[in-house]
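First the structure, in the form of structure tokens, and then the observations on it.
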Amino acid sequence: MFKPEKMSFVNISVLDQNLPKVLDSITKLGIMHIVDKSELPSTSGMLGGVNIQPVQDKLAEFNDRIDVLSKAISTETLFLPEFGGGMPEDIEIDPFRIANKIESELIQMESDAESLLKRIEQLQIEIDKLNNDSEKFYMLEAKGLDLDHLKGMRFLYFTFGDVPLEFNHYNRLVESLSRIPCLLMAGEITGIRQQVFAFSLAKDMDILNNALEAAYFKKIDIPQDYEGSIADVLDEIELKIWTKREEIAELELELRGLRKEWRERLFQLKAAVLANQIVAESVGRFGKTDNSYLISGWVPSRQLKKLYTELENMKMRGLLMTATDPIPAHESEYHKPKVPTKLSHPFFLRPFGGLVKTFDTPRYSAIDPTVFVSVSFLAMFGVMFADVGHGSVLLILGLLGMLLPLPQLKKARGMSTFLASCGIASIITGFLFGNIFGNEDILKALWFSLEHMEPKHVEKMLALGVYFGIWMLSLGVSLNIAQAFRRRDFKEAFFGQWGMTSLMAYWVVVYMLITKSQFSWGIIVIIILLLIPIILRQSVYNMFKKDEYHMHGEEEHGESFIESGFQVYEIVLGYLANTLSYIRVAAFDLSHAGLMMAFYALTEQMGGGDNIFLSLPSNIMANAFVIVLEGLIVGIQCMRLEYYEFFSKFFAGDGVEYKPLSLREEKS
């Protein structure tokens, strides 16, 4: 929990025909972090590559086709990318052959579904046309027109449609046709257009059409496929619509049968394709000879026996596994390929592990800071947001997110745990400072209260911030020293910027300030003597590494001396600025108390002090505002202090995250 898991480097050589079985075992074990062949310095020139791109393209195509088919029959076959929740156990791992195995089955499914869907689509188009025809005949029926009379006219011409409402087109049309005998009837207004029914003599048809065209007339054609009265035609259309709807219902019933029959199978096909896509991406990193593959990667040393036993039980010809001893921290700095970092935490620390990874992945040689981050973050958040009531709200929200069995909350479980932890921290410090919903008259403070902002209590709170800064700085530098010893970098451990001598000088100064002692010449000499080795660290180190000293020129040695001198100046300013930076821990608690006092005072001035119906809504809104806004600001400030003040003393980033070839979600 305080350092990454020890790793061993593993090479597995397997014959071509045995690769699928070995891949299946490695994938389902989920413990091997695959390394690309190009990262292997000793064998990369002798190994060929695996042309996996055609396989990946084919699998991607099948993935899309399964999605299209699932959407077409309205079934949910997509499952979460966190394979630990829904990946079947019996998936066949063989990216080279899996596509061919499922293609014929998928083609048959697509054919069966397509015939049904096309027929349903065609019937729906026909229904839409019948509805459109029905609307046209209803327009004619509304004006009392008869279909047989309209079709039997020899000397009269009839047309109908609509014109725009704007610019009074209908009245202008009436005026333009005043010189010929004709009949215009206005129909319903639909949207921004006016229906128009027009009759004229057959010989005046062209004049009527020209006038209509000038009025931006849009003609509605009368369907010619019907005979009889309009009432009979409407009954005929309605019967056809119902017949086609019944056919659609029968087809959809058949489609539901396919949906029920295919749901599980589509899920299995989707899972197989996605799983083999993951494996195919890793196969592209393998080395290849004429008749075998070389699989290289990192395995946690404590799980080596599990992998060895699994491969040994296969009893395959040509299968060979070799593994190194666990890689020591000091050797990992120069090891190629780079050693990945696997951090293992109990569930309650995982949200804080995510906080660390958000900043960067620690190196394999580094100390895992998650425990220290969790304690310091919660301590800072608790002091800045010290309120039993507000902390209880955060705790309840966190517990709801953790315990409610809603799939939408699954991805937010870690954040819910984080929120609940912050709530607990706020409750504890709220009792210490006697604060509940910004009111310090209800609870008696276990330590001291900021009620009325008494100067002695304000000074005590500011001193708390400074002491917290001293503790955090000392912890950060101590972690840096411990890491340096892990890497066997003794020069950094003793004489680095954040090394043992600078920390001792800092503690001397802190002791003098806390005890309010005067700085005598003796103390000043001790501080200088502690800082001088930082300037002379290269020379001191070379006293123990004479061979290294002779390898470097005098010019390089002089530059190192000057650089170390400037570094002492940076160290003094760094310790001072970083210590004072933690005063914001106290300042935010003061601002929290002051803000709530201001809200309650404002409520009283508005006349809500004695009236619960006025004060209660106002107080609820004020507290909700503070919880959201100040809670967010405090969280950001805690992250800032962790990342820029604490991590800057020791954090060794630029690590490689451990990502094993697996169908399960890796939990750190």
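Labeling convention for the structure tokens: chains A, B, ... as they appear, residues from 1 per chain, ligands from 1 in order of appearance.
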**Request:** Find the spatial neighbours of segment 66-73 of chain A, counting only C-alpha atoms, within a cut-off of 7 Å - ignore same-chain residues fewer than 6 positions away - and output them as number ranges by chain.
**Result:** A: 110, 255, 259, 270
Could you write out that same residue set with C-alpha atoms as an mmCIF file, in the first residue's frame?
data_model
loop_
_atom_site.group_PDB
_atom_site.id
_atom_site.type_symbol
_atom_site.label_atom_id
_atom_site.label_comp_id
_atom_site.auth_asym_id
_atom_site.auth_seq_id
_atom_site.Cartn_x
_atom_site.Cartn_y
_atom_site.Cartn_z
ATOM 1 C CA GLU A 110 -29.340 -9.374 -41.088
ATOM 2 C CA LEU A 255 -39.952 -9.017 -35.076
ATOM 3 C CA ARG A 259 -35.797 -9.798 -30.656
ATOM 4 C CA LYS A 270 -20.969 -8.274 -29.308
#
**Request:** Quick one: everything within 10 Å of segment 432-444 of chain A, counting only C-alpha atoms, minus sequence neighbours fewer than 4 positions away in the same chain. Send it as an NGL selection string.
**Result:** :A and (383 or 385-392 or 426-428 or 448-452 or 589 or 592-600 or 619-620 or 622-624 or 626-627)
**Asked** A:Val393, A:Ala652, A:Leu116, A:Leu212: which is nearest Gly257 of chain A, counting only C-alpha atoms?
**Response**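 That would be A:Leu116, the residue with the smallest distance to Gly257 of chain A.
Between atom CA of Pro326 of chain A and atom CA of Ser301 of chain A there is a distance of 6.0 Å.
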**Fill in**
Min atom-atom distance to Ile189 of chain A from the set A:Leu156, A:Ile514, A:Leu473, A:Met139, counting only C-alpha atoms, belongs to A:Met139
Cut-off 12 Å: closest segment 483-521 of chain A/segment 455-468 of chain A atom pairs per residue, using only C-alpha atoms, as a tab-separated table:
residue	atom	partner	partner_atom	distance
A:Val510	CA	A:Tyr467	CA	9.6
A:Tyr511	CA	A:Tyr467	CA	11.5
A:Leu513	CA	A:Tyr467	CA	11.4
A:Ile514	CA	A:Tyr467	CA	9.6
Can you list, as a short mmCIF file (atom, residue, chain, number, x, y, z; two decimals) with N, CA and C atoms, in the first residue's frame, every protein, DNA or RNA residue that comes within 8 Å of Ala587 of chain A when you count only C-alpha atoms, leaving out same-chain residues fewer than 3 positions away?
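Wrote it out as selection15.cif, contents follow:
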data_model
loop_
_atom_site.label_atom_id
_atom_site.label_comp_id
_atom_site.auth_asym_id
_atom_site.auth_seq_id
_atom_site.Cartn_x
_atom_site.Cartn_y
_atom_site.Cartn_z
N MET A 384 -11.21 23.38 6.49
CA MET A 384 -11.74 24.46 5.66
C MET A 384 -13.27 24.46 5.65
N LEU A 462 -5.21 30.66 12.57
CA LEU A 462 -4.11 30.95 11.64
C LEU A 462 -2.86 30.15 12.02
N ILE A 583 -1.61 28.66 5.14
CA ILE A 583 -2.49 29.53 5.95
C ILE A 583 -3.89 29.57 5.34
N ARG A 584 -3.98 29.30 4.02
CA ARG A 584 -5.30 29.31 3.38
C ARG A 584 -6.22 28.24 3.99
N LEU A 590 -12.24 30.45 8.28
CA LEU A 590 -12.70 31.77 8.74
C LEU A 590 -13.73 32.35 7.76
N SER A 591 -13.46 32.18 6.46
CA SER A 591 -14.41 32.71 5.47
C SER A 591 -15.72 31.94 5.51
#
**Asked** Smallest atom-to-atom distance to Ser478 of chain A: which of A:Thr501, A:Gln303, A:Ser517, A:Asn51, using only C-alpha atoms?
**Response**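 Going through A:Thr501, A:Gln303, A:Ser517, A:Asn51 one by one, the smallest distance to Ser478 of chain A is for A:Thr501.
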**Asked** If you count only C-alpha atoms, which residues fall within 12 Å of Ser178 of chain A, apart from same-chain ones fewer than 5 positions away, as a ChimeraX atom specification?
**Response** /A:171-173,183-184,200,207-208,211
For the residues selected in the previous step, produce a file with N, CA and C atoms as an mmCIF file, in the first residue's frame.
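And here's result-v4.cif as it stands now:
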data_model
loop_
_atom_site.group_PDB
_atom_site.id
_atom_site.type_symbol
_atom_site.label_atom_id
_atom_site.label_comp_id
_atom_site.auth_asym_id
_atom_site.auth_seq_id
_atom_site.Cartn_x
_atom_site.Cartn_y
_atom_site.Cartn_z
ATOM 1 N N ASN A 171 -56.780 38.024 -52.013
ATOM 2 C CA ASN A 171 -57.577 39.150 -52.523
ATOM 3 C C ASN A 171 -57.044 39.656 -53.851
ATOM 4 N N ARG A 172 -55.727 39.658 -53.996
ATOM 5 C CA ARG A 172 -55.156 40.072 -55.278
ATOM 6 C C ARG A 172 -55.532 39.094 -56.385
ATOM 7 N N LEU A 173 -55.608 37.821 -56.034
ATOM 8 C CA LEU A 173 -56.000 36.816 -57.021
ATOM 9 C C LEU A 173 -57.444 37.053 -57.470
ATOM 10 N N LEU A 183 -65.142 31.120 -60.351
ATOM 11 C CA LEU A 183 -65.580 31.021 -58.964
ATOM 12 C C LEU A 183 -64.378 30.650 -58.095
ATOM 13 N N LEU A 184 -64.118 31.507 -57.097
ATOM 14 C CA LEU A 184 -63.042 31.247 -56.136
ATOM 15 C C LEU A 184 -63.646 31.056 -54.756
ATOM 16 N N SER A 200 -63.449 27.645 -63.446
ATOM 17 C CA SER A 200 -63.539 28.564 -64.582
ATOM 18 C C SER A 200 -64.032 27.780 -65.790
ATOM 19 N N ILE A 207 -55.754 31.313 -68.506
ATOM 20 C CA ILE A 207 -55.796 32.590 -67.775
ATOM 21 C C ILE A 207 -55.829 32.331 -66.264
ATOM 22 N N LEU A 208 -56.687 31.350 -65.853
ATOM 23 C CA LEU A 208 -56.779 31.023 -64.427
ATOM 24 C C LEU A 208 -55.443 30.511 -63.883
ATOM 25 N N ALA A 211 -52.884 33.303 -63.473
ATOM 26 C CA ALA A 211 -53.172 34.147 -62.307
ATOM 27 C C ALA A 211 -52.800 33.428 -61.015
#
**Message:** Using only C-alpha atoms for the distances, tell me which of A:Ser74, A:Gln53, A:Asn209, A:Asn100 is nearest to Leu117 of chain A.
**Reply:**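 For Leu117 of chain A, the nearest of the candidates is A:Ser74.
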**Request:** Within 7 Å of segment 54-59 of chain A, counting only C-alpha atoms, which residues show up once you throw out same-chain ones fewer than 4 positions away? Write them as number ranges by chain, please.
**Result:** A: 63, 95-96, 99, 273, 277, 280
**Item:** segment 335-344 of chain A environment, 7 Å, only C-alpha atoms, sequence neighbours closer than 6 positions dropped, as a PyMOL selection string
**Value:** chain A and resi 1+4-5+39-40+362-364+655-658+668
Selection file, N, CA and C atoms, as a CSV table (one decimal), in the first residue's frame:
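Result file again_3.csv:
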chain,number,residue,atom,x,y,z
A,1,MET,N,0.8,-1.2,0.0
A,1,MET,CA,0.0,0.0,0.0
A,1,MET,C,0.9,1.3,0.0
A,4,PRO,N,4.6,0.6,-5.0
A,4,PRO,CA,4.0,-0.2,-6.0
A,4,PRO,C,4.4,-1.7,-5.9
A,5,GLU,N,3.5,-2.6,-6.5
A,5,GLU,CA,3.8,-4.0,-6.4
A,5,GLU,C,5.1,-4.3,-7.2
A,39,GLU,N,10.2,-2.2,-28.0
A,39,GLU,CA,10.8,-1.7,-26.7
A,39,GLU,C,11.8,-2.7,-26.2
A,40,LEU,N,12.0,-3.9,-26.9
A,40,LEU,CA,12.9,-4.9,-26.4
A,40,LEU,C,14.3,-4.6,-27.1
A,362,PRO,N,2.7,7.6,-10.7
A,362,PRO,CA,4.0,7.5,-10.1
A,362,PRO,C,4.9,6.5,-10.7
A,363,ARG,N,6.2,6.7,-10.6
A,363,ARG,CA,7.2,5.8,-11.1
A,363,ARG,C,7.2,4.5,-10.3
A,364,TYR,N,7.7,3.5,-10.9
A,364,TYR,CA,7.8,2.2,-10.2
A,364,TYR,C,8.7,2.3,-8.9
A,655,GLY,N,5.4,7.9,-14.8
A,655,GLY,CA,5.4,6.5,-14.7
A,655,GLY,C,4.5,5.9,-15.8
A,656,VAL,N,4.6,4.6,-16.0
A,656,VAL,CA,3.7,3.8,-16.9
A,656,VAL,C,2.7,3.1,-16.1
A,657,GLU,N,1.4,3.4,-16.4
A,657,GLU,CA,0.3,2.7,-15.6
A,657,GLU,C,0.2,1.2,-16.0
A,658,TYR,N,0.1,0.4,-15.0
A,658,TYR,CA,0.0,-1.0,-15.2
A,658,TYR,C,-1.4,-1.3,-15.8
A,668,SER,N,-7.4,-0.5,-9.0
A,668,SER,CA,-6.1,-0.1,-8.3
A,668,SER,C,-6.3,-0.2,-6.8
**Item:** d(atom CA of Phe490 of chain A, atom CA of His330 of chain A) in Å
**Value:** 11.2 Å
**Message:** Give me, as a ChimeraX atom specification, all polymer residues having an atom no more than 10 Å from Tyr226 of chain A, counting only C-alpha atoms and skipping those fewer than 5 positions away in the same chain.
**Reply:** /A:147-148,232-234,236-237
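Restricting the calculation to only C-alpha atoms, the smallest distance between Leu145 of chain A and any of A:Leu177, A:Pro300, A:Gly48, A:Ile230 is found for A:Ile230.
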